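Student: To be precise about what I am sending: the file is called final_33.cif and holds mmCIF, C-alpha atoms and all ligand atoms.
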data_input
#
loop_
_atom_site.label_atom_id
_atom_site.label_comp_id
_atom_site.auth_asym_id
_atom_site.auth_seq_id
_atom_site.Cartn_x
_atom_site.Cartn_y
_atom_site.Cartn_z
CA MET A 1 123.18 101.22 71.55
CA LYS A 2 123.01 97.49 72.21
CA PHE A 3 124.16 95.80 75.39
CA THR A 4 127.91 95.19 75.06
CA THR A 5 128.43 98.48 73.24
CA ARG A 6 126.79 100.18 76.21
CA ALA A 7 128.95 98.15 78.63
CA LEU A 8 132.09 99.42 76.85
CA HIS A 9 131.20 102.97 75.91
CA THR A 10 128.69 104.36 78.40
CA SER A 11 130.59 106.46 80.80
CA TYR A 12 134.27 106.63 79.92
CA ILE A 13 135.55 108.32 76.78
CA PRO A 14 139.33 108.25 76.30
CA THR A 15 139.76 111.95 75.57
CA GLN A 16 141.82 112.89 78.58
CA SER A 17 145.51 113.71 78.48
CA ASP A 18 146.84 110.17 78.01
CA GLY A 19 144.01 108.73 75.89
CA ALA A 20 143.96 105.43 77.82
CA ILE A 21 141.45 103.06 76.26
CA ILE A 22 140.65 101.34 79.55
CA PRO A 23 139.00 103.36 82.35
CA PRO A 24 141.74 104.52 84.74
CA LEU A 25 141.98 103.12 88.25
CA HIS A 26 141.85 106.03 90.67
CA LEU A 27 143.59 104.65 93.74
CA THR A 28 143.18 107.72 95.84
CA SER A 29 141.31 108.34 99.05
CA THR A 30 141.09 112.06 98.54
CA PHE A 31 141.28 114.85 95.92
CA ALA A 32 142.99 118.23 95.94
CA TYR A 33 140.59 121.10 96.25
CA ALA A 34 140.96 123.88 93.74
CA ASN A 35 141.63 127.42 94.92
CA GLN A 36 143.40 126.92 98.22
CA GLY A 37 140.61 125.08 99.98
CA GLY A 38 137.06 123.92 100.08
CA VAL A 39 135.61 127.33 100.81
CA LYS A 40 134.66 129.34 97.79
CA PRO A 41 136.90 132.42 97.56
CA GLU A 42 135.25 135.72 98.45
CA GLY A 43 133.57 137.33 95.46
CA MET A 44 133.70 134.24 93.24
CA SER A 45 130.37 133.31 91.65
CA ASP A 46 129.00 129.76 91.98
CA GLN A 47 129.53 129.30 88.26
CA GLU A 48 133.18 130.37 88.43
CA TRP A 49 133.70 128.16 91.47
CA GLN A 50 132.34 125.11 89.72
CA LYS A 51 134.34 125.92 86.60
CA SER A 52 137.54 126.19 88.59
CA ARG A 53 136.86 122.79 90.12
CA GLN A 54 136.06 121.34 86.73
CA GLN A 55 139.38 122.58 85.35
CA ARG A 56 141.14 120.93 88.20
CA PHE A 57 139.20 117.69 88.43
CA GLY A 58 137.56 117.13 85.04
CA ASN A 59 134.02 115.68 84.80
CA ASP A 60 131.56 117.47 87.07
CA GLY A 61 134.23 118.82 89.36
CA TRP A 62 132.82 117.46 92.57
CA TYR A 63 135.42 114.88 93.60
CA ASP A 64 136.37 115.50 97.18
CA TYR A 65 136.73 112.21 99.09
CA SER A 66 136.51 108.63 97.82
CA ARG A 67 133.85 107.46 100.25
CA THR A 68 131.57 110.06 98.72
CA ILE A 69 132.64 109.81 95.09
CA ASN A 70 135.46 108.21 93.14
CA PRO A 71 135.91 108.47 89.36
CA THR A 72 136.45 104.72 88.80
CA ARG A 73 133.43 103.83 90.92
CA GLN A 74 131.41 106.50 89.15
CA ILE A 75 132.13 104.92 85.74
CA LEU A 76 130.98 101.54 87.06
CA GLU A 77 127.84 103.04 88.63
CA ASP A 78 126.90 104.85 85.42
CA THR A 79 127.57 101.73 83.34
CA ILE A 80 125.45 99.36 85.46
CA ALA A 81 122.65 101.95 85.50
CA ALA A 82 122.79 102.18 81.70
CA LEU A 83 122.62 98.40 81.36
CA ASP A 84 119.42 98.37 83.43
CA GLY A 85 117.99 101.33 81.51
CA ASN A 86 118.14 103.43 84.68
CA LYS A 87 119.42 106.95 85.44
CA TYR A 88 121.50 106.23 88.53
CA GLY A 89 123.71 103.52 89.95
CA LEU A 90 125.45 103.04 93.29
CA ALA A 91 128.18 100.48 93.94
CA TYR A 92 128.63 98.93 97.38
CA SER A 93 131.17 96.80 99.24
CA SER A 94 128.95 93.70 98.83
CA GLY A 95 125.48 92.60 97.80
CA SER A 96 124.68 92.37 101.51
CA ALA A 97 125.63 96.03 102.01
CA VAL A 98 123.03 97.01 99.38
CA LEU A 99 120.34 95.42 101.57
CA VAL A 100 121.59 97.23 104.69
CA ASN A 101 121.50 100.58 102.88
CA LEU A 102 117.98 100.00 101.54
CA ILE A 103 116.66 98.91 104.94
CA ALA A 104 118.12 102.17 106.32
CA THR A 105 115.54 104.13 104.26
CA LEU A 106 112.75 102.77 106.49
CA LYS A 107 111.23 104.86 109.25
CA ALA A 108 109.98 103.50 112.58
CA GLY A 109 106.83 101.44 111.99
CA GLU A 110 107.53 100.74 108.31
CA LYS A 111 108.10 97.14 107.30
CA VAL A 112 109.81 95.08 104.62
CA LEU A 113 108.06 92.14 102.96
CA PHE A 114 110.17 89.32 101.55
CA SER A 115 110.13 85.59 100.84
CA THR A 116 112.25 83.00 102.66
CA ASP A 117 113.21 81.60 99.26
CA VAL A 118 116.05 84.12 98.95
CA TYR A 119 119.77 84.25 99.57
CA GLY A 120 120.25 83.14 103.20
CA GLY A 121 122.06 86.37 104.11
CA THR A 122 118.96 88.42 103.23
CA TYR A 123 116.96 86.45 105.80
CA ARG A 124 119.85 86.65 108.28
CA TYR A 125 120.16 90.45 108.14
CA ILE A 126 116.44 91.22 108.27
CA VAL A 127 115.47 88.66 110.92
CA ARG A 128 118.56 88.42 113.08
CA VAL A 129 120.16 91.87 112.83
CA ALA A 130 117.59 94.52 111.85
CA ASN A 131 114.56 93.02 113.61
CA PRO A 132 116.12 93.08 117.11
CA GLN A 133 116.85 96.77 116.44
CA GLY A 134 113.16 97.41 115.79
CA LEU A 135 112.64 96.71 112.07
CA GLY A 136 109.31 95.07 111.29
CA TYR A 137 109.09 92.44 108.57
CA GLU A 138 106.61 90.09 106.92
CA ILE A 139 107.39 86.86 105.11
CA ALA A 140 105.25 85.61 102.21
CA ASP A 141 105.57 83.49 99.11
CA LEU A 142 105.81 86.34 96.62
CA THR A 143 104.61 84.12 93.78
CA ASP A 144 101.21 84.12 95.56
CA LEU A 145 99.83 87.57 94.68
CA ASN A 146 96.63 87.11 96.75
CA LEU A 147 98.70 86.48 99.85
CA VAL A 148 100.92 89.46 99.01
CA GLU A 149 97.85 91.70 98.74
CA THR A 150 96.60 90.65 102.21
CA LYS A 151 99.98 91.62 103.62
CA LEU A 152 100.07 94.94 101.72
CA LYS A 153 96.55 95.83 102.93
CA THR A 154 97.90 96.33 106.46
CA GLY A 155 99.40 99.58 105.12
CA THR A 156 102.67 99.24 107.01
CA ILE A 157 104.77 97.64 104.27
CA ARG A 158 107.03 100.16 102.55
CA LEU A 159 109.51 97.86 100.79
CA VAL A 160 108.94 94.59 98.97
CA TRP A 161 112.18 92.67 98.39
CA LEU A 162 111.82 90.22 95.52
CA GLU A 163 114.38 87.76 94.26
CA THR A 164 113.53 86.26 90.86
CA PRO A 165 114.72 83.67 90.01
CA THR A 166 115.03 82.75 93.68
CA ASN A 167 118.08 81.37 95.39
CA PRO A 168 118.14 78.35 95.62
CA MET A 169 114.73 77.04 94.45
CA LEU A 170 114.87 78.93 91.13
CA LYS A 171 111.24 80.05 91.29
CA VAL A 172 110.12 83.10 89.35
CA THR A 173 107.61 85.85 90.12
CA ASP A 174 105.76 87.98 87.57
CA ILE A 175 107.58 91.30 88.14
CA ALA A 176 105.06 93.44 86.21
CA ALA A 177 102.07 92.02 88.12
CA LEU A 178 103.80 92.36 91.50
CA ALA A 179 104.95 95.92 90.70
CA LYS A 180 101.37 96.94 89.94
CA LEU A 181 100.15 95.50 93.21
CA VAL A 182 102.97 96.99 95.28
CA HIS A 183 102.41 100.46 93.78
CA LYS A 184 98.66 100.25 94.51
CA TYR A 185 99.63 100.23 98.20
CA ASN A 186 102.29 102.96 97.85
CA ALA A 187 105.18 100.63 98.54
CA LEU A 188 108.39 100.19 96.56
CA LEU A 189 109.41 97.08 94.66
CA ILE A 190 113.07 96.07 94.88
CA VAL A 191 114.19 93.24 92.59
CA ASP A 192 117.35 91.29 93.35
CA ASN A 193 118.41 90.56 89.77
CA THR A 194 121.64 88.77 90.71
CA PHE A 195 120.74 85.40 89.14
CA ALA A 196 119.47 86.82 85.85
CA SER A 197 121.79 89.82 85.37
CA PRO A 198 120.69 92.70 83.13
CA ILE A 199 121.25 90.45 80.10
CA LEU A 200 118.44 88.02 80.86
CA GLN A 201 116.02 90.29 82.71
CA GLN A 202 115.28 94.01 82.92
CA PRO A 203 113.20 94.55 86.09
CA SER A 204 112.97 98.34 85.80
CA GLN A 205 111.34 98.01 82.40
CA LEU A 206 108.71 95.83 84.10
CA GLY A 207 107.95 98.35 86.86
CA ALA A 208 110.52 97.62 89.60
CA ASP A 209 111.61 100.76 91.46
CA ILE A 210 115.09 99.56 92.38
CA VAL A 211 117.22 96.77 90.89
CA VAL A 212 119.90 95.25 93.09
CA TYR A 213 122.88 93.01 92.49
CA SER A 214 125.53 91.08 94.24
CA THR A 215 128.16 92.06 91.64
CA THR A 216 130.27 89.27 93.15
CA LYS A 217 128.31 86.94 90.84
CA TYR A 218 127.63 87.33 87.11
CA ILE A 219 128.32 91.09 86.84
CA ASN A 220 131.98 90.73 87.80
CA GLY A 221 131.95 87.08 86.81
CA HIS A 222 135.51 86.08 87.66
CA SER A 223 135.20 85.21 91.37
CA ASP A 224 137.87 87.75 92.29
CA SER A 225 135.83 90.56 93.84
CA VAL A 226 133.02 90.89 96.40
CA GLY A 227 130.67 93.77 95.63
CA GLY A 228 127.14 94.98 95.19
CA ALA A 229 125.18 97.56 93.24
CA LEU A 230 121.74 99.06 92.82
CA THR A 231 120.21 101.05 89.99
CA LEU A 232 117.15 103.29 89.88
CA SER A 233 115.73 106.33 88.12
CA ASP A 234 113.94 108.26 90.87
CA ASP A 235 115.86 111.49 91.67
CA LYS A 236 114.66 111.82 95.28
CA LEU A 237 115.29 108.21 96.17
CA TYR A 238 118.75 108.33 94.57
CA THR A 239 119.68 111.42 96.62
CA GLN A 240 118.49 109.69 99.79
CA LEU A 241 120.40 106.48 99.02
CA LYS A 242 123.57 108.35 98.07
CA PHE A 243 123.35 110.19 101.40
CA ILE A 244 122.84 106.92 103.30
CA GLN A 245 125.71 105.24 101.43
CA ASN A 246 128.05 108.09 102.27
CA SER A 247 126.92 108.02 105.91
CA ILE A 248 127.29 104.24 106.30
CA GLY A 249 130.43 104.08 104.18
CA ALA A 250 129.69 100.76 102.49
CA ILE A 251 131.33 101.67 99.19
CA LEU A 252 133.03 99.52 96.56
CA SER A 253 136.78 100.19 96.54
CA PRO A 254 138.35 101.76 93.43
CA PHE A 255 140.21 98.54 92.66
CA ASP A 256 137.10 96.37 92.97
CA SER A 257 135.20 98.92 90.86
CA TRP A 258 137.88 98.62 88.19
CA LEU A 259 137.83 94.81 88.29
CA THR A 260 134.04 94.79 88.11
CA LEU A 261 134.10 97.16 85.14
CA ARG A 262 136.52 94.80 83.42
CA GLY A 263 134.22 91.86 84.13
CA LEU A 264 131.18 93.75 82.92
CA ARG A 265 132.75 94.23 79.51
CA THR A 266 132.27 90.53 78.73
CA LEU A 267 129.01 89.94 80.62
CA GLU A 268 126.93 89.41 77.50
CA LEU A 269 129.42 86.93 76.02
CA ARG A 270 129.73 85.05 79.29
CA MET A 271 125.96 84.86 79.76
CA GLU A 272 125.59 83.44 76.24
CA ARG A 273 127.98 80.63 77.17
CA HIS A 274 126.39 80.02 80.62
CA ALA A 275 123.02 79.75 78.85
CA LYS A 276 124.32 77.45 76.11
CA ASN A 277 125.92 75.16 78.69
CA ALA A 278 122.70 75.13 80.74
CA ASP A 279 120.78 74.10 77.60
CA ALA A 280 122.98 70.98 77.47
CA ILE A 281 123.32 70.22 81.20
CA VAL A 282 119.77 70.76 82.50
CA PRO A 283 118.16 68.15 80.17
CA TYR A 284 121.05 65.79 80.95
CA LEU A 285 120.30 66.05 84.69
CA GLN A 286 116.54 65.81 84.14
CA LYS A 287 116.99 62.47 82.38
CA HIS A 288 119.62 60.96 84.67
CA PRO A 289 118.30 57.94 86.68
CA LYS A 290 120.20 58.99 89.83
CA VAL A 291 118.68 62.50 89.85
CA ALA A 292 115.36 62.72 91.72
CA ALA A 293 114.52 66.39 91.11
CA VAL A 294 115.79 69.29 89.04
CA TYR A 295 114.76 72.87 89.81
CA TYR A 296 115.27 75.33 86.99
CA PRO A 297 113.44 78.60 86.21
CA GLY A 298 110.18 77.65 84.51
CA SER A 299 110.40 73.94 85.35
CA HIS A 300 108.11 74.03 88.42
CA SER A 301 104.79 74.48 86.61
CA LYS A 302 103.12 75.78 83.46
CA ASP A 303 102.52 79.16 85.12
CA GLN A 304 106.19 79.42 86.05
CA ALA A 305 107.16 78.58 82.46
CA GLU A 306 104.83 81.35 81.22
CA ILE A 307 106.46 83.91 83.53
CA VAL A 308 109.94 82.95 82.33
CA LYS A 309 108.80 83.33 78.73
CA LYS A 310 107.29 86.72 79.49
CA GLN A 311 110.15 88.37 81.36
CA MET A 312 113.41 86.51 80.77
CA SER A 313 115.34 86.07 77.53
CA HIS A 314 116.69 82.74 78.88
CA PRO A 315 116.24 80.86 82.21
CA GLY A 316 119.96 81.28 83.01
CA GLY A 317 122.90 79.27 84.28
CA MET A 318 121.72 78.24 87.76
CA VAL A 319 120.10 74.89 88.49
CA SER A 320 119.32 73.03 91.74
CA LEU A 321 118.96 69.28 92.11
CA GLU A 322 118.40 66.37 94.49
CA LEU A 323 119.70 62.83 94.12
CA MET A 324 117.59 59.67 94.30
CA PRO A 325 117.31 58.06 97.77
CA GLY A 326 120.27 55.77 98.21
CA ALA A 327 122.65 57.91 96.15
CA ASP A 328 125.19 59.56 98.44
CA MET A 329 125.53 63.33 98.10
CA HIS A 330 128.95 63.50 99.75
CA THR A 331 130.37 60.82 97.45
CA PHE A 332 128.92 62.83 94.55
CA PHE A 333 130.67 66.01 95.75
CA LYS A 334 133.94 64.11 96.15
CA GLY A 335 133.57 62.57 92.69
CA LEU A 336 133.44 65.98 91.00
CA LYS A 337 136.88 66.96 89.71
CA LEU A 338 136.16 70.16 87.72
CA ILE A 339 133.11 71.45 89.55
CA ARG A 340 134.28 72.61 92.97
CA LEU A 341 132.22 72.58 96.15
CA ALA A 342 132.19 76.26 97.10
CA GLU A 343 129.89 79.14 98.03
CA SER A 344 129.05 81.77 95.41
CA LEU A 345 127.98 81.52 91.79
CA GLY A 346 128.02 83.31 88.46
CA GLY A 347 131.76 83.02 87.88
CA VAL A 348 133.42 81.55 84.81
CA GLU A 349 134.23 78.34 86.72
CA SER A 350 131.38 75.97 87.59
CA LEU A 351 130.67 75.65 91.33
CA ILE A 352 128.39 73.44 93.38
CA ASP A 353 126.88 74.47 96.71
CA HIS A 354 125.07 72.68 99.52
CA PRO A 355 122.60 75.41 100.60
CA ALA A 356 121.44 73.79 103.88
CA SER A 357 124.97 73.82 105.33
CA MET A 358 126.53 76.66 103.33
CA THR A 359 124.75 79.66 101.73
CA HIS A 360 121.41 79.14 103.52
CA GLY A 361 122.71 77.75 106.81
CA SER A 362 121.40 80.71 108.80
CA ILE A 363 117.77 80.04 107.84
CA PRO A 364 116.15 77.82 110.51
CA LYS A 365 115.37 74.31 109.24
CA GLU A 366 111.59 74.69 109.72
CA GLU A 367 111.65 77.81 107.48
CA ARG A 368 113.78 76.01 104.90
CA ILE A 369 111.41 73.05 104.77
CA LYS A 370 108.45 75.41 104.17
CA ILE A 371 109.98 76.53 100.88
CA GLY A 372 111.05 73.03 99.85
CA LEU A 373 114.74 73.52 100.64
CA LYS A 374 115.67 70.03 101.82
CA ASP A 375 118.98 68.99 103.37
CA GLU A 376 119.57 66.99 100.15
CA LEU A 377 119.34 70.01 97.82
CA MET A 378 122.42 71.02 95.81
CA ARG A 379 122.80 74.19 93.74
CA LEU A 380 124.92 74.17 90.61
CA SER A 381 126.34 77.31 89.03
CA ILE A 382 127.09 76.32 85.45
CA GLY A 383 130.31 77.98 84.31
CA ILE A 384 131.74 78.64 80.87
CA GLU A 385 133.89 75.50 80.56
CA ASN A 386 133.08 73.27 77.57
CA SER A 387 129.77 71.56 78.27
CA GLU A 388 131.09 68.12 77.21
CA ASP A 389 133.69 68.28 79.99
CA LEU A 390 131.12 69.39 82.56
CA ILE A 391 128.77 66.57 81.59
CA GLU A 392 131.61 64.09 81.85
CA ASP A 393 132.49 65.39 85.31
CA LEU A 394 128.83 65.14 86.44
CA SER A 395 128.50 61.73 84.85
CA ASN A 396 131.57 60.32 86.68
CA ALA A 397 130.44 61.73 90.02
CA LEU A 398 126.86 60.49 89.59
CA HIS A 399 128.19 57.06 88.73
CA GLN A 400 130.15 56.97 92.00
CA ALA A 401 127.33 58.41 94.18
C1 LIG A 501 120.80 86.47 95.11
C2 LIG A 501 121.83 87.03 96.03
N1 LIG A 501 121.68 88.28 96.49
C3 LIG A 501 122.59 88.83 97.34
C4 LIG A 501 123.69 88.12 97.77
C5 LIG A 501 124.67 88.74 98.73
O1 LIG A 501 125.78 89.15 98.04
P1 LIG A 501 127.27 89.29 98.67
O2 LIG A 501 127.76 87.91 98.93
O3 LIG A 501 128.01 90.01 97.60
O4 LIG A 501 127.13 90.08 99.92
C6 LIG A 501 123.89 86.82 97.29
C7 LIG A 501 125.07 86.05 97.71
O5 LIG A 501 125.22 84.86 97.42
C8 LIG A 501 122.94 86.26 96.40
O6 LIG A 501 123.06 85.01 95.93
#
Represent the structure of the file as structure tokens.

Tutor:
Amino acid sequence: MKFTTRALHTSYIPTQSDGAIIPPLHLTSTFAYANQGGVKPEGMSDQEWQKSRQQRFGNDGWYDYSRTINPTRQILEDTIAALDGNKYGLAYSSGSAVLVNLIATLKAGEKVLFSTDVYGGTYRYIVRVANPQGLGYEIADLTDLNLVETKLKTGTIRLVWLETPTNPMLKVTDIAALAKLVHKYNALLIVDNTFASPILQQPSQLGADIVVYSTTKYINGHSDSVGGALTLSDDKLYTQLKFIQNSIGAILSPFDSWLTLRGLRTLELRMERHAKNADAIVPYLQKHPKVAAVYYPGSHSKDQAEIVKKQMSHPGGMVSLELMPGADMHTFFKGLKLIRLAESLGGVESLIDHPASMTHGSIPKEERIKIGLKDELMRLSIGIENSEDLIEDLSNALHQA
């Protein structure tokens, strides 16, 4: 099955009593146990016990409490997993909660390796929350595989957290090459695929062990839900993560799961439009006399362009830019009438962000400068409006800046 067919028909089949076409929203915190209670009646075989639960609950018969499992969330988890070509999915209360749950798999002495060119909250959690509690970490430019190997050689790194394309510099890393290296040193590669979505990039098919998302962005796509997800195929790791999720309790609510499922149904169509709009807007910005720099996946160098060609079906709908000296960024923001200044990305409406004071404000300035994130950098999430209108909006604001 191709992508959108999978998004619509993976996990829910309308064969139940009412035949609803749309997956039902199970707004319940708990589920009635079959047979008087949770304890298997005396003399009943395991098979009979499971069957009695199945009759009562449908599906696999193991619904007991919505922190542990909820039918609406389960449909979403199975669907996202299918879109990544993975066996299992887990849906969380935010993209940030996915990170917390993955860090919780580490034992004392094990470290995480990541790059500073990531979502600012990833840096914030690892450096400012988990590190004071004893978590070790290493920072490296993950596009530099020689440097990564020197770090891995220490033998203490268990997780490598890769964002590609990165937020906000839009740099890419060769996932297949990094996966090979990471596995040589018995570590796990996690790819934050938020910017690409499963439509543009399939990290698990390139060797990543776990794919993670802030579903708040493209997956849900309508800026009306905060959520996160991960997908993977390893049975043991899934069992461990499911246990940790249930223990921490960072689950996506049934309503957010339902909204996200609804968003997912049009992901492929939306991504097509984001990509088409980017094809018009990125060259426009690159040629504009008031724009000093444009950062877009593949635009940094020939090598970067090769990586994009190898592992992405399109560079996507995110672009960062800086204005020429003398052009005023705040006047530019004020001049925009359609494109709103706001955090977040990947929704149907275009948004512009000022990373240094907004999404990446918790990264110290000296760390930001190291990765080229200047105070002047702006990050544009290209929405699905008509590209002519977006270009007109940019053009008016650039004229005023
Ligand atoms: C690439 C990336 N990963 C993770 C996150 C965190 O997601 P959330 O805001 O859903 O916690 C974000 C948020 O902007 C992000 O851009």

Student: Counting all atoms listed in the file, what is within 12 Å of Met358 in chain A, bar same-chain residues fewer than 4 positions away, as a list in words?

Tutor: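 After dropping sequence-adjacent residues, the list is Tyr119, Gly120, Gly121, Pro168, Leu341, Ala342, Glu343, Ser344, Ile352, Asp353, His354, Ser362, Ile363, Asp375, Leu377, Met378 and Arg379 of chain A.
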
Student: Can you tell me how far CA of Asn167 in chain A sits from atom C2 of ligand LIG 501 (chain A), in Å to one decimal?

Tutor: 6.8 Å

Student: Please return as number ranges by chain the residues found within 9 Å of ligand LIG 501 (chain A), counting only C-alpha atoms and all ligand atoms.

Tutor: A: 92-99, 118-122, 163-168, 192-195, 212-217, 225-228, 343-345, 359

Student: Contacts of Ile157 in chain A at 7 Å or less, counting all atoms listed in the file, minus same-chain residues fewer than 4 places along, as a list in words?

Tutor: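 Those residues are Glu110, Lys111, Val112, Leu113, Leu152 and Ala187 of chain A.
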
Student: For His9 in chain A, which residue among A:Ile371, A:Ile69, A:Met329, A:Leu76 is the nearest when counting only C-alpha atoms?

Tutor: A:Leu76

Student: With a distance cut-off of 8 Å and all atoms listed in the file, select the neighbouring residues of Lys374 in chain A, excluding the residue or stretch itself and same-chain residues fewer than 4 positions from it, and output the selection as a ChimeraX atom specification.

Tutor: /A:356,368-369

Student: So the first atom is CA of Tyr296 in chain A and the second is CA of Arg124 in chain A; what is the distance between them in Å, to one decimal place?

Tutor: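 Taking CA of Tyr296 in chain A and CA of Arg124 in chain A, their separation equals 24.5 Å.
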
Student: What is the distance between CA of Phe114 in chain A and CA of Leu159 in chain A, in Å to one decimal?

Tutor: 8.6 Å

Student: Would you compute an axis-aligned box for range 244-262 of chain A, covering every atom listed for it in the file with 6 Å of margin on each side, and report centre and edge lengths in Å to one decimal as lines of an AutoDock Vina configuration file?

Tutor:
center_x = 131.5
center_y = 101.4
center_z = 94.9
size_x = 29.4
size_y = 25.3
size_z = 34.9

Student: Counting only C-alpha atoms, which residues come within 12 Å of (129.3, 107.2, 102.5), with the point read in the file's coordinates, and could you list them as an MDAnalysis selection string?

Tutor: chainID A and resid 65:70 90:93 97 101 240:253

Student: Nearest to Leu8 in chain A among A:Leu237, A:Ala32, A:Arg158, A:Arg265, with distances taken over only C-alpha atoms: which residue is it?

Tutor: A:Arg265

Student: Select, from A:Pro254, A:Gly326, A:Pro289, A:Pro198, the residue with the minimum atom-to-atom distance to Leu267 in chain A, counting all atoms listed in the file.

Tutor: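 Checking each of A:Pro254, A:Gly326, A:Pro289, A:Pro198 against Leu267 in chain A, counting all atoms listed in the file, the winner is A:Pro198.
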
Student: Taking into account only C-alpha atoms, which residue in the set A:Ala275, A:Leu145, A:Ile382, A:Ala82 is nearest to Gly347 in chain A?

Tutor: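 Distance minimum relative to Gly347 in chain A lands on A:Ile382.
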
Student: Within 10 Å of (116.5, 78.4, 90.6), in the coordinates the file gives, what residues turn up when you count all atoms listed in the file, written out as a list in words?

Tutor: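 Protein and nucleic acid residues near the point are Asp117, Thr164, Pro165, Thr166, Asn167, Pro168, Met169, Leu170, Lys171, Val172, Phe195, Val294, Tyr295, Tyr296, Pro297, Gly298, Ser299, His300, Pro315, Gly316, Gly317, Met318, Val319, Ser320, Leu321, Arg379 and Leu380 of chain A.
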
Student: Could you dump the residues just selected with C-alpha atoms as a short mmCIF file (atom, residue, chain, number, x, y, z; two decimals), keeping the file's coordinate frame?

Tutor:
data_model
loop_
_atom_site.label_atom_id
_atom_site.label_comp_id
_atom_site.auth_asym_id
_atom_site.auth_seq_id
_atom_site.Cartn_x
_atom_site.Cartn_y
_atom_site.Cartn_z
CA ASP A 117 113.21 81.60 99.26
CA THR A 164 113.53 86.26 90.86
CA PRO A 165 114.72 83.67 90.01
CA THR A 166 115.03 82.75 93.68
CA ASN A 167 118.08 81.37 95.39
CA PRO A 168 118.14 78.35 95.62
CA MET A 169 114.73 77.04 94.45
CA LEU A 170 114.87 78.93 91.13
CA LYS A 171 111.24 80.05 91.29
CA VAL A 172 110.12 83.10 89.35
CA PHE A 195 120.74 85.40 89.14
CA VAL A 294 115.79 69.29 89.04
CA TYR A 295 114.76 72.87 89.81
CA TYR A 296 115.27 75.33 86.99
CA PRO A 297 113.44 78.60 86.21
CA GLY A 298 110.18 77.65 84.51
CA SER A 299 110.40 73.94 85.35
CA HIS A 300 108.11 74.03 88.42
CA PRO A 315 116.24 80.86 82.21
CA GLY A 316 119.96 81.28 83.01
CA GLY A 317 122.90 79.27 84.28
CA MET A 318 121.72 78.24 87.76
CA VAL A 319 120.10 74.89 88.49
CA SER A 320 119.32 73.03 91.74
CA LEU A 321 118.96 69.28 92.11
CA ARG A 379 122.80 74.19 93.74
CA LEU A 380 124.92 74.17 90.61
#

Student: From the list A:Pro325, A:Gly221, A:Pro23, A:Pro283, which residue is nearest Leu269 in chain A when using all atoms listed in the file?

Tutor: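 So, comparing all the options, the nearest one is A:Gly221.
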
Student: Restricting the calculation to all atoms listed in the file, which member of A:Gly85, A:Gly346, A:Gly335, A:Gly372 is positioned closest to Phe3 in chain A?

Tutor: A:Gly85

Student: If we count all atoms listed in the file and set the cut-off at 12 Å, which residues sit around Lys184 in chain A, ignoring sequence neighbours fewer than 5 positions away in its own chain? Please answer as a PyMOL selection string.

Tutor: chain A and resi 148-149+152-153+155+157-158+177-179+189

Student: For His314 in chain A, work out the shell of residues within 9 Å, counting only C-alpha atoms and skipping chain neighbours fewer than 5 positions away, then give it as an MDAnalysis selection string.

Tutor: chainID A and resid 196 200:201 275 308:309

Student: For the residues in that selection, give me C-alpha atoms as a PDB file, in the frame of the given file.

Tutor:
ATOM      1  CA  ALA A 196     119.470  86.820  85.850  1.00  0.00           C
ATOM      2  CA  LEU A 200     118.440  88.020  80.860  1.00  0.00           C
ATOM      3  CA  GLN A 201     116.020  90.290  82.710  1.00  0.00           C
ATOM      4  CA  ALA A 275     123.020  79.750  78.850  1.00  0.00           C
ATOM      5  CA  VAL A 308     109.940  82.950  82.330  1.00  0.00           C
ATOM      6  CA  LYS A 309     108.800  83.330  78.730  1.00  0.00           C
TER       7      LYS A 309
END

Student: Place N, CA and C atoms on range 381-389 of chain A and deliver the coordinates as an mmCIF file, in the frame of the given file.

Tutor:
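Result went into selection29.cif, see below:
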data_model
loop_
_atom_site.group_PDB
_atom_site.id
_atom_site.type_symbol
_atom_site.label_atom_id
_atom_site.label_comp_id
_atom_site.auth_asym_id
_atom_site.auth_seq_id
_atom_site.Cartn_x
_atom_site.Cartn_y
_atom_site.Cartn_z
ATOM 1 N N SER A 381 126.125 76.122 89.857
ATOM 2 C CA SER A 381 126.340 77.310 89.030
ATOM 3 C C SER A 381 127.124 76.849 87.805
ATOM 4 N N ILE A 382 126.469 76.860 86.666
ATOM 5 C CA ILE A 382 127.090 76.320 85.450
ATOM 6 C C ILE A 382 128.032 77.370 84.855
ATOM 7 N N GLY A 383 129.294 77.032 84.785
ATOM 8 C CA GLY A 383 130.310 77.980 84.310
ATOM 9 C C GLY A 383 130.423 78.010 82.795
ATOM 10 N N ILE A 384 131.573 78.502 82.332
ATOM 11 C CA ILE A 384 131.740 78.640 80.870
ATOM 12 C C ILE A 384 132.717 77.606 80.295
ATOM 13 N N GLU A 385 133.046 76.575 81.111
ATOM 14 C CA GLU A 385 133.890 75.500 80.560
ATOM 15 C C GLU A 385 133.139 74.861 79.374
ATOM 16 N N ASN A 386 133.771 73.951 78.666
ATOM 17 C CA ASN A 386 133.080 73.270 77.570
ATOM 18 C C ASN A 386 132.059 72.293 78.170
ATOM 19 N N SER A 387 130.861 72.324 77.634
ATOM 20 C CA SER A 387 129.770 71.560 78.270
ATOM 21 C C SER A 387 130.064 70.056 78.263
ATOM 22 N N GLU A 388 130.774 69.557 77.253
ATOM 23 C CA GLU A 388 131.090 68.120 77.210
ATOM 24 C C GLU A 388 131.907 67.723 78.435
ATOM 25 N N ASP A 389 132.850 68.583 78.820
ATOM 26 C CA ASP A 389 133.690 68.280 79.990
ATOM 27 C C ASP A 389 132.873 68.332 81.275
#
